[in-house]
Amino acid sequence: MLPAPLHRLATQLFDNGVLRLIFENTRNMAVSSLITAAGLEVVRAGPNDLDLIPPTVAGYVVVAIGVSLLLLNLFDGLWRLSRMKSHLLLQILMCGAYAFIFFRVVHLVLYFKAGGGMNMGMGG
């Protein structure tokens, strides 16, 4: 049997669906980061012979959609953390940690998707 604090944590994570929400939030963060990176890639690539609309316009529209989804996901996570029934200082610390981790993960996904991270440490 688990000690009482670990049992409460396990109940919160597994029985109350918190773990599912964490994975959903992470998946949404990754997908919206990839959408943003795809839009930035279109803007960076420039025009093509078969383009019907200017690629920079389409790229910026995709970037705007991706950033909007990122912000909605961030606000959703912060809203859910702020509604927890715990001490105010703990809520503030968790929201700060969440925002920091959120922006670092988005930064890493954008960095690798943009091609900067695929040849890290490779010479030439």
# chains A, B, ... in the order shown; residues from 1 in each chain; ligands from 1
call {"tool": "select_by_dssp", "arguments": {"residues": "range 5-122 of chain A", "states": "helix (DSSP H, G or I)", "output": "PyMOL selection string"}}
result
chain A and resi 5-15+18-45+55-82+88-113
call {"tool": "residues_around", "arguments": {"residues": "range 75-86 of chain A", "least_positions_apart": "3", "cutoff": "10 Å", "atoms": "only C-alpha atoms", "output": "list in words"}}
result
Leu21, Ile22, Asn25, Thr26, Leu69, Leu70, Leu71, Leu72, Leu89, Leu90, Gln91, Ile92, Met94, Cys95, Gly96, Tyr98, Ala99 and Phe102 of chain A
call {"tool": "residues_around", "arguments": {"residues": "Pro47 in chain A", "least_positions_apart": "6", "cutoff": "8 Å", "atoms": "only C-alpha atoms", "output": "list in words"}}
result
Pro54, Pro55 and Thr56 of chain A
call {"tool": "residues_around", "arguments": {"residues": "Gly39 in chain A", "least_positions_apart": "2", "cutoff": "10 Å", "atoms": "only C-alpha atoms", "output": "PyMOL selection string"}}
result
chain A and resi 33-37+41-45+55-66
call {"tool": "write_last_selection", "arguments": {"atoms": "C-alpha atoms", "output": "PDB file, in the first residue's frame"}}
result
ATOM      1  CA  SER A  33       4.388  24.206 -32.689  1.00  0.00           C
ATOM      2  CA  LEU A  34       4.739  22.090 -35.829  1.00  0.00           C
ATOM      3  CA  ILE A  35       2.009  24.120 -37.560  1.00  0.00           C
ATOM      4  CA  THR A  36       3.884  27.307 -36.682  1.00  0.00           C
ATOM      5  CA  ALA A  37       7.174  25.836 -37.883  1.00  0.00           C
ATOM      6  CA  GLU A  41       9.297  27.101 -43.457  1.00  0.00           C
ATOM      7  CA  VAL A  42       6.931  28.218 -46.233  1.00  0.00           C
ATOM      8  CA  VAL A  43       7.885  31.846 -45.614  1.00  0.00           C
ATOM      9  CA  ARG A  44      11.587  30.934 -45.645  1.00  0.00           C
ATOM     10  CA  ALA A  45      11.361  28.792 -48.802  1.00  0.00           C
ATOM     11  CA  PRO A  55       3.722  31.766 -50.304  1.00  0.00           C
ATOM     12  CA  THR A  56       4.666  34.436 -47.803  1.00  0.00           C
ATOM     13  CA  VAL A  57       0.992  35.336 -47.345  1.00  0.00           C
ATOM     14  CA  ALA A  58       0.024  31.681 -46.948  1.00  0.00           C
ATOM     15  CA  GLY A  59       2.992  31.105 -44.633  1.00  0.00           C
ATOM     16  CA  TYR A  60       2.094  34.015 -42.393  1.00  0.00           C
ATOM     17  CA  VAL A  61      -1.538  32.849 -42.237  1.00  0.00           C
ATOM     18  CA  VAL A  62      -0.355  29.386 -41.148  1.00  0.00           C
ATOM     19  CA  VAL A  63       2.022  30.984 -38.605  1.00  0.00           C
ATOM     20  CA  ALA A  64      -0.857  33.075 -37.230  1.00  0.00           C
ATOM     21  CA  ILE A  65      -3.024  29.965 -36.900  1.00  0.00           C
ATOM     22  CA  GLY A  66      -0.203  28.063 -35.176  1.00  0.00           C
TER      23      GLY A  66
END
